[in-house]
Structure formats: structure tokens, C-alpha cells
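Structure data follow from my_file27.txt (compact mmCIF, C-alpha atoms):
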```
# COMPACT_ATOMS: atom_id res chain seq x y z
CA MET A 84 1.40 -12.62 -42.72
CA LYS A 85 -1.48 -10.41 -41.58
CA HIS A 86 -1.49 -7.02 -43.28
CA ASN A 87 -1.16 -5.07 -40.03
CA LEU A 88 1.90 -7.10 -39.03
CA ILE A 89 3.78 -6.43 -42.27
CA LYS A 90 6.34 -3.66 -41.84
CA VAL A 91 7.16 -1.74 -44.98
CA ILE A 92 10.39 0.09 -45.81
CA VAL A 93 9.83 2.48 -48.72
CA VAL A 94 12.97 3.15 -50.76
CA ILE A 95 12.72 5.98 -53.29
CA GLY A 96 15.62 5.93 -55.75
CA ALA A 97 16.94 2.47 -56.55
CA GLY A 98 20.61 3.53 -56.58
CA SER A 99 23.56 2.27 -54.53
CA ILE A 100 22.98 4.44 -51.46
CA GLY A 101 19.28 3.63 -51.12
CA GLN A 102 20.07 -0.07 -51.49
CA ALA A 103 22.93 0.07 -48.97
CA ILE A 104 20.68 1.55 -46.27
CA ALA A 105 17.80 -0.78 -47.17
CA ARG A 106 19.99 -3.87 -46.73
CA ARG A 107 20.78 -2.86 -43.16
CA VAL A 108 17.26 -2.07 -41.99
CA SER A 109 14.89 -4.31 -43.95
CA ALA A 110 15.46 -7.87 -42.75
CA GLY A 111 12.04 -9.39 -42.03
CA LYS A 112 10.29 -6.40 -43.57
CA HIS A 113 8.82 -5.70 -46.99
CA ILE A 114 10.81 -3.35 -49.23
CA LEU A 115 8.80 -1.19 -51.63
CA LEU A 116 11.38 0.01 -54.11
CA ALA A 117 10.36 3.00 -56.24
CA ASP A 118 12.25 4.65 -59.06
CA LEU A 119 11.46 6.87 -62.04
CA ARG A 120 12.56 4.03 -64.33
CA GLN A 121 11.08 0.55 -64.01
CA GLN A 122 14.30 -1.08 -65.23
CA ASN A 123 16.29 0.52 -62.37
CA ALA A 124 13.75 -0.67 -59.81
CA ASP A 125 13.71 -4.17 -61.34
CA ALA A 126 17.51 -4.46 -61.35
CA ALA A 127 17.77 -3.41 -57.69
CA ALA A 128 14.83 -5.63 -56.72
CA LYS A 129 16.54 -8.64 -58.30
CA VAL A 130 19.73 -8.04 -56.28
CA LEU A 131 17.82 -7.52 -53.02
CA SER A 132 15.44 -10.45 -53.47
CA GLU A 133 18.36 -12.74 -54.28
CA ALA A 134 19.90 -11.56 -50.99
CA GLY A 135 16.83 -12.73 -49.06
CA PHE A 136 14.65 -9.62 -48.92
CA GLU A 137 10.99 -9.43 -49.84
CA VAL A 138 10.66 -6.72 -52.46
CA SER A 139 8.04 -5.15 -54.67
CA THR A 140 8.54 -2.27 -57.10
CA ALA A 141 6.76 0.88 -58.18
CA ILE A 142 7.36 3.74 -60.58
CA VAL A 143 7.38 7.22 -59.05
CA ASP A 144 8.05 10.72 -60.32
CA VAL A 145 8.99 12.56 -57.13
CA SER A 146 8.22 15.92 -58.73
CA ASN A 147 4.57 14.97 -59.28
CA ARG A 148 2.23 15.07 -56.27
CA ASP A 149 -0.24 12.52 -57.67
CA SER A 150 2.60 10.10 -58.31
CA VAL A 151 4.04 10.50 -54.79
CA HIS A 152 0.56 10.18 -53.26
CA ALA A 153 -0.07 6.97 -55.25
CA LEU A 154 3.21 5.54 -53.94
CA ALA A 155 2.23 6.32 -50.35
CA GLU A 156 -1.15 4.63 -50.92
CA LYS A 157 0.51 1.56 -52.42
CA ALA A 158 2.83 1.32 -49.39
CA VAL A 159 -0.11 1.59 -46.98
CA SER A 160 -1.92 -1.18 -48.90
CA ILE A 161 1.02 -3.53 -48.22
CA GLY A 162 1.38 -2.88 -44.49
CA SER A 163 2.49 -0.42 -41.87
CA ILE A 164 5.17 2.04 -43.07
CA THR A 165 7.99 1.90 -40.54
CA GLY A 166 10.78 3.28 -42.72
CA LEU A 167 11.36 5.76 -45.52
CA ILE A 168 14.66 6.05 -47.42
CA HIS A 169 14.58 8.92 -49.89
CA ALA A 170 17.62 8.67 -52.13
CA ALA A 171 16.31 9.89 -55.49
CA GLY A 172 17.55 13.05 -57.16
CA VAL A 173 19.43 14.61 -60.04
CA SER A 174 22.96 15.97 -59.96
CA PRO A 175 24.33 19.23 -61.41
CA SER A 176 25.76 17.50 -64.51
CA GLN A 177 22.46 15.80 -65.24
CA ALA A 178 19.93 18.61 -65.29
CA SER A 179 19.02 22.28 -65.67
CA PRO A 180 18.57 24.55 -62.63
CA SER A 181 14.77 24.40 -62.92
CA THR A 182 14.71 20.59 -63.10
CA ILE A 183 17.05 20.31 -60.09
CA LEU A 184 14.82 22.61 -58.02
CA LYS A 185 11.72 20.71 -59.09
CA VAL A 186 13.08 17.22 -58.41
CA ASP A 187 15.53 17.72 -55.53
CA LEU A 188 13.80 20.52 -53.59
CA TYR A 189 10.08 20.39 -54.40
CA GLY A 190 10.13 16.60 -54.82
CA THR A 191 11.66 16.11 -51.37
CA ALA A 192 9.07 18.47 -49.84
CA LEU A 193 6.30 16.38 -51.45
CA ILE A 194 7.73 13.11 -50.14
CA LEU A 195 8.13 14.45 -46.60
CA GLU A 196 4.57 15.75 -46.67
CA GLU A 197 2.89 12.66 -48.17
CA PHE A 198 4.84 10.10 -46.12
CA GLY A 199 4.58 12.25 -42.99
CA ASN A 200 0.83 11.67 -43.27
CA VAL A 201 1.15 7.87 -43.22
CA ILE A 202 4.37 6.96 -41.36
CA ALA A 203 3.75 4.57 -38.46
CA SER A 204 4.40 5.41 -34.83
CA GLY A 205 7.97 4.33 -34.07
CA GLY A 206 8.85 4.76 -37.75
CA ALA A 207 11.89 6.64 -39.06
CA GLY A 208 13.04 8.19 -42.30
CA VAL A 209 16.30 9.26 -43.89
CA VAL A 210 16.65 11.79 -46.70
CA ILE A 211 19.90 11.81 -48.69
CA ALA A 212 21.01 15.43 -49.10
CA SER A 213 24.60 16.39 -49.99
CA GLN A 214 27.77 18.07 -48.78
CA SER A 215 26.87 20.69 -51.44
CA GLY A 216 24.30 22.12 -49.05
CA HIS A 217 27.13 22.86 -46.62
CA ARG A 218 29.11 24.86 -49.18
CA LEU A 219 26.39 27.43 -49.75
CA PRO A 220 27.06 30.61 -47.74
CA ALA A 221 24.58 31.28 -44.91
CA LEU A 222 21.11 32.40 -45.96
CA THR A 223 19.07 34.90 -43.97
CA PRO A 224 16.88 33.54 -41.14
CA GLU A 225 13.86 34.52 -43.27
CA GLN A 226 15.15 32.52 -46.26
CA ASP A 227 15.93 29.53 -44.04
CA LYS A 228 12.41 29.62 -42.63
CA ALA A 229 10.88 29.97 -46.08
CA LEU A 230 12.75 26.91 -47.41
CA ALA A 231 11.81 24.95 -44.29
CA THR A 232 8.12 25.78 -43.98
CA THR A 233 6.64 27.18 -47.21
CA PRO A 234 3.81 24.88 -48.34
CA ALA A 235 5.17 22.56 -51.04
CA GLU A 236 2.96 23.98 -53.79
CA GLN A 237 4.32 27.50 -53.20
CA LEU A 238 7.94 26.50 -52.69
CA LEU A 239 9.16 27.09 -56.25
CA SER A 240 7.64 30.61 -56.24
CA LEU A 241 10.04 31.83 -53.52
CA PRO A 242 12.04 34.91 -54.67
CA LEU A 243 15.44 33.29 -53.93
CA LEU A 244 14.63 30.41 -56.32
CA GLN A 245 13.76 32.50 -59.39
CA PRO A 246 15.84 32.20 -62.62
CA ASP A 247 17.40 35.66 -62.12
CA GLN A 248 18.71 34.45 -58.73
CA VAL A 249 19.67 30.86 -59.64
CA LYS A 250 21.72 30.96 -62.81
CA ASP A 251 23.54 27.63 -62.79
CA SER A 252 22.89 23.99 -61.93
CA LEU A 253 25.41 23.84 -59.11
CA HIS A 254 23.79 26.78 -57.28
CA ALA A 255 20.36 25.16 -57.78
CA TYR A 256 21.74 21.91 -56.34
CA GLN A 257 23.30 23.63 -53.32
CA LEU A 258 20.05 25.47 -52.58
CA SER A 259 18.04 22.27 -52.98
CA LYS A 260 20.24 20.30 -50.62
CA ARG A 261 20.34 23.11 -48.03
CA GLY A 262 16.56 23.21 -48.42
CA ASN A 263 16.33 19.44 -47.82
CA SER A 264 18.03 19.62 -44.43
CA LEU A 265 16.00 22.67 -43.36
CA ARG A 266 12.78 21.01 -44.52
CA VAL A 267 13.59 17.83 -42.61
CA MET A 268 14.14 19.86 -39.44
CA ALA A 269 10.71 21.48 -39.81
CA GLU A 270 9.04 18.17 -40.76
CA ALA A 271 10.60 16.47 -37.71
CA VAL A 272 8.14 18.49 -35.61
CA ARG A 273 5.15 17.14 -37.56
CA TRP A 274 6.53 13.58 -37.81
CA GLY A 275 7.11 13.69 -34.05
CA LYS A 276 3.38 14.13 -33.46
CA ARG A 277 2.97 10.70 -35.08
CA GLY A 278 5.76 9.23 -32.96
CA ALA A 279 8.14 9.08 -35.93
CA ARG A 280 11.60 10.50 -36.65
CA ILE A 281 13.22 11.97 -39.78
CA ASN A 282 16.84 13.02 -40.48
CA THR A 283 19.11 13.89 -43.38
CA ILE A 284 22.50 12.53 -44.35
CA SER A 285 24.71 14.85 -46.42
CA PRO A 286 27.27 12.58 -48.10
CA GLY A 287 30.37 13.79 -49.86
CA ILE A 288 31.75 12.04 -52.92
CA ILE A 289 30.49 8.46 -52.70
CA ILE A 290 31.47 6.13 -55.51
CA THR A 291 28.20 5.32 -57.27
CA PRO A 292 27.30 5.31 -60.98
CA LEU A 293 26.10 8.91 -60.51
CA ALA A 294 29.45 9.98 -59.01
CA LYS A 295 31.27 8.27 -61.87
CA ASP A 296 29.21 10.45 -64.25
CA GLU A 297 30.34 13.52 -62.35
CA LEU A 298 33.99 12.39 -62.22
CA SER A 299 34.05 11.98 -65.99
CA GLY A 300 31.97 15.12 -66.60
CA PRO A 301 32.89 18.82 -66.77
CA ARG A 302 33.36 18.99 -62.99
CA GLY A 303 35.62 15.91 -62.78
CA ASP A 304 38.80 17.85 -62.03
CA GLY A 305 37.06 19.73 -59.23
CA TYR A 306 35.89 16.45 -57.73
CA ARG A 307 39.38 14.97 -57.83
CA ARG A 308 40.73 18.13 -56.19
CA MET A 309 38.12 17.79 -53.42
CA ILE A 310 39.16 14.22 -52.74
CA GLU A 311 42.87 15.08 -52.69
CA ALA A 312 42.38 18.09 -50.37
CA SER A 313 40.15 16.23 -47.91
CA ALA A 314 41.40 14.89 -44.57
CA VAL A 315 40.52 11.29 -45.44
CA GLY A 316 41.99 11.55 -48.95
CA ARG A 317 39.56 9.19 -50.69
CA ALA A 318 35.97 8.95 -51.84
CA GLY A 319 33.39 7.15 -49.71
CA THR A 320 31.44 3.96 -50.32
CA PRO A 321 27.67 3.42 -50.29
CA ASP A 322 28.11 0.97 -47.39
CA GLU A 323 29.55 3.73 -45.21
CA VAL A 324 26.42 5.79 -45.82
CA GLY A 325 24.45 2.61 -45.08
CA ASN A 326 26.03 2.46 -41.62
CA VAL A 327 24.89 5.98 -40.75
CA GLY A 328 21.45 5.33 -42.25
CA ALA A 329 21.09 2.21 -40.09
CA LEU A 330 22.01 4.17 -36.96
CA LEU A 331 19.47 6.89 -37.75
CA MET A 332 16.65 4.48 -38.59
CA GLY A 333 17.27 1.99 -35.78
CA SER A 334 16.75 1.91 -32.03
CA ASP A 335 20.31 3.19 -31.41
CA GLY A 336 19.26 6.46 -33.08
CA ALA A 337 15.99 6.82 -31.17
CA PHE A 338 17.02 10.21 -29.71
CA ILE A 339 18.00 11.69 -33.09
CA THR A 340 15.48 13.58 -35.20
CA GLY A 341 15.47 16.77 -37.25
CA SER A 342 19.25 16.48 -37.67
CA ASP A 343 21.62 16.56 -40.62
CA PHE A 344 24.72 14.35 -40.73
CA LEU A 345 27.56 15.60 -42.90
CA MET A 346 29.80 12.69 -43.93
CA ASP A 347 32.25 13.83 -46.57
CA GLY A 348 35.74 12.73 -45.51
CA GLY A 349 36.53 16.29 -44.47
CA VAL A 350 35.86 18.00 -47.82
CA THR A 351 33.70 20.73 -46.27
CA ALA A 352 36.31 21.31 -43.56
CA ALA A 353 38.95 21.72 -46.26
CA TYR A 354 36.64 24.05 -48.22
CA TRP A 355 36.00 26.45 -45.33
CA TYR A 356 39.26 26.11 -43.35
CA GLY A 357 41.77 24.21 -45.49
CA GLU A 358 43.27 24.25 -48.93
CA LEU A 359 40.21 23.77 -51.15
```
Target format C-alpha cells, applied to this file:
Amino acid sequence: MKHNLIKVIVVIGAGSIGQAIARRVSAGKHILLADLRQQNADAAAKVLSEAGFEVSTAIVDVSNRDSVHALAEKAVSIGSITGLIHAAGVSPSQASPSTILKVDLYGTALILEEFGNVIASGGAGVVIASQSGHRLPALTPEQDKALATTPAEQLLSLPLLQPDQVKDSLHAYQLSKRGNSLRVMAEAVRWGKRGARINTISPGIIITPLAKDELSGPRGDGYRRMIEASAVGRAGTPDEVGNVGALLMGSDGAFITGSDFLMDGGVTAAYWYGEL
């Protein structure tokens, strides 16, 4: 197929959620699957290629600008980038506050910036944030604007992100995920000038290997309490997130950009107005 006719879906983070969205939007397109670990990318690529998708892999460190830029260049060399699924990140049980801010907040800013420079007209992206961003109390309008619009290279110097302000991993995670949805709203303006759309999904507890880590980790009891107190009374599945991702990336979602979709079975509702 001619290079300019090949449509590329870039998937960053080879986990269950990224794969679930990719399966719904990548038929007839080329999936470029990037992960920090080659073995993760290879394992996901095997599953997807055996399901009929054309896949190539890359290694990326989302917290490193050169690495993200190289991924964008590789995608452009394959074809026209019509989709971006950013599902990479670290959870509170996995990392220190500074690593979480660097990977989940700064890394997402880098990806939005680099891929916003190359996304095709008519293209669309989805960033996976988290219900955690919805459990952080309101920030000031100035702090919101700073998280949304501060140039990526200055982002980690913001006063509200300093070690004396962010003392634990959960707070770092909540700030990062709030920052992701704010950043996507600001980036939607820039992406729009290229005729492209970008949104966030903020999932609740979705059963993935990462969630199983959390359920068996120090916060496991809290997670089980969240599930029990929620309106739906169960955890979610990657396929359910895939459905929302497909809506946001497809023609049915053509009027949606700069938005954040909370899908958590009612956990946030229970946290603010229920028994959590």
C-alpha cells in the first residue's frame, strides 16, 4: 500500500486498556505499539497480529522527549497518523511521587505536544487518565491554568508540584491525572487547528494486571471498599473502556473534543455524595 494511504494508530502502553481500544479502531490500519519494555510490546503485538491486525513495535520512555520524538518520527515514516491511544503510566503502588509526576504528568504533556505536531487532519486521540483525578479537591483557577498550559519543560517546576507540597504517591497520582484532563482540554485547541480531536477517559477500577497489583498491595482494602460502595458494585473491564474509546475516536464522536469521560461505576459519586 502506498505510504500516504497507510493509516497509523499509535498505541503507547501495551496493556489491556490500550489493546482493547486499539482492537475497536484499527481494522485496516497499521498499529504502532510502543511500550517501555520490548517484551510487553512483543506479547501484545503477537495477540493483535494473530487477531488479524498489522502491527509493528517500538520502545518508548514517555518521560524522555527524545524518545517520544523518535516514536512520532517512526509513526510518520509508516504512514499518516490518524489515531493516538495513550495508555502508559505508573500507579501509586508502583512508584515514588517524583516518578509518577515525571511519567504520568510530564510524559503525557510530551506526548500531546509531539503527536499534536504530526496528527493527521480528521485524526483523534484518547488519553487514559483516572477517576483519581476526580477525587482531588478543586484547585485554584491559576493552578488549573498552569497545569493545562505551562510548557512541558517547565511543568515539573510548578510550585504545587514540589516535594514539600506533594508528599505521597497517591497525591502525585491525583495531581497527574487531574493535570492530564486539563492538559487535554488545552491541547484540544491546538489539535483543532490541525483538524484533529483529543479527549481523556478517566476509568475507575478496571481489572487489568496493574489493578491486580493494586488489589493485592497496601491499598487493596481501600479498592475493595470502593467497589462495594459504588452504584454498579463491581470493577470494570478493559472492553468497556474500549467501547468509550471507540466512540471518542470514531465518526460518532466527531463533535467531542477537549472532554474528559469519567467511567468508574459510580465510585466518585459515592466518594463525594455517598458512603465512601
Compile the contact shell of Phe344 in chain A as a ChimeraX atom specification: residues with an atom at most 7 Å away, counting only C-alpha atoms, same-chain residues fewer than 3 positions apart removed. /A:283-285
Selection near Gly287 in chain A, 10 Å with only C-alpha atoms, sequence-local residues under 3 positions removed, as a list in words: Ala212, Ser213, Gln214, Ser215, Ile284, Ile290, Ala294, Tyr306, Met309, Ile310, Ala318, Gly319, Thr320, Val324, Leu345, Met346, Asp347, Gly348, Gly349, Val350 and Thr351 of chain A
Counting all atoms listed in the file, what is within 10 Å of Val91 in chain A, bar same-chain residues fewer than 6 positions away, as a PDB file with C-alpha atoms, keeping the file's coordinate frame?
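Written output follows (out-v8.pdb):
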```pdb
ATOM      1  CA  SER A 109      14.890  -4.310 -43.950  1.00  0.00           C
ATOM      2  CA  GLY A 111      12.040  -9.390 -42.030  1.00  0.00           C
ATOM      3  CA  LYS A 112      10.290  -6.400 -43.570  1.00  0.00           C
ATOM      4  CA  HIS A 113       8.820  -5.700 -46.990  1.00  0.00           C
ATOM      5  CA  ILE A 114      10.810  -3.350 -49.230  1.00  0.00           C
ATOM      6  CA  LEU A 115       8.800  -1.190 -51.630  1.00  0.00           C
ATOM      7  CA  GLU A 137      10.990  -9.430 -49.840  1.00  0.00           C
ATOM      8  CA  VAL A 138      10.660  -6.720 -52.460  1.00  0.00           C
ATOM      9  CA  ALA A 158       2.830   1.320 -49.390  1.00  0.00           C
ATOM     10  CA  VAL A 159      -0.110   1.590 -46.980  1.00  0.00           C
ATOM     11  CA  SER A 160      -1.920  -1.180 -48.900  1.00  0.00           C
ATOM     12  CA  ILE A 161       1.020  -3.530 -48.220  1.00  0.00           C
ATOM     13  CA  GLY A 162       1.380  -2.880 -44.490  1.00  0.00           C
ATOM     14  CA  SER A 163       2.490  -0.420 -41.870  1.00  0.00           C
ATOM     15  CA  ILE A 164       5.170   2.040 -43.070  1.00  0.00           C
ATOM     16  CA  THR A 165       7.990   1.900 -40.540  1.00  0.00           C
ATOM     17  CA  GLY A 166      10.780   3.280 -42.720  1.00  0.00           C
ATOM     18  CA  LEU A 167      11.360   5.760 -45.520  1.00  0.00           C
ATOM     19  CA  ILE A 202       4.370   6.960 -41.360  1.00  0.00           C
ATOM     20  CA  ALA A 203       3.750   4.570 -38.460  1.00  0.00           C
ATOM     21  CA  GLY A 206       8.850   4.760 -37.750  1.00  0.00           C
TER      22      GLY A 206
END
```
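Each of A:Ala117, A:Ala353, A:Leu230, A:Val151 was compared to Ala314 in chain A using all atoms listed in the file, and A:Ala353 turns out to be the nearest.
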Between A:Arg148, A:Arg261, A:Lys250, A:Lys185, single out the one closest to Ile211 in chain A, counting only C-alpha atoms. A:Arg261
From the options A:Ile288, A:Ala126, A:Leu188, A:Ala134, which residue's atoms come nearest to Lys260 in chain A, counting all atoms listed in the file?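 Of A:Ile288, A:Ala126, A:Leu188, A:Ala134, the one nearest Lys260 in chain A is A:Leu188, counting all atoms listed in the file.
Reported to one decimal place, the separation of CA of Leu184 in chain A from CA of Tyr256 in chain A is 7.2 Å.
Each of A:Pro180, A:Gly341, A:Gly300, A:Gly190 was checked against Gln257 in chain A using only C-alpha atoms; the smallest atom-to-atom distance is that of A:Pro180.
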Grab the CA of Ile281 in chain A to CA of Gly262 in chain A distance for me, in Å with one decimal place.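 Result for CA of Ile281 in chain A versus CA of Gly262 in chain A: 14.6 Å, one decimal.
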So that I can check the surroundings of Gln177 in chain A, please list as a list in words every protein, DNA and RNA residue that reaches within 10 Å of it, counting all atoms listed in the file and ignoring chain neighbours fewer than 6 positions away. Ile183, Ser252, Leu293, Asp296, Glu297 and Gly300 of chain A
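In this model, the gap between CA of Asp187 in chain A and CA of Asp335 in chain A comes to 28.6 Å.
Nearest to Glu225 in chain A of all the residues A:Ala124, A:Leu88, A:Leu243, A:Val209 is A:Leu243, based on all atoms listed in the file.
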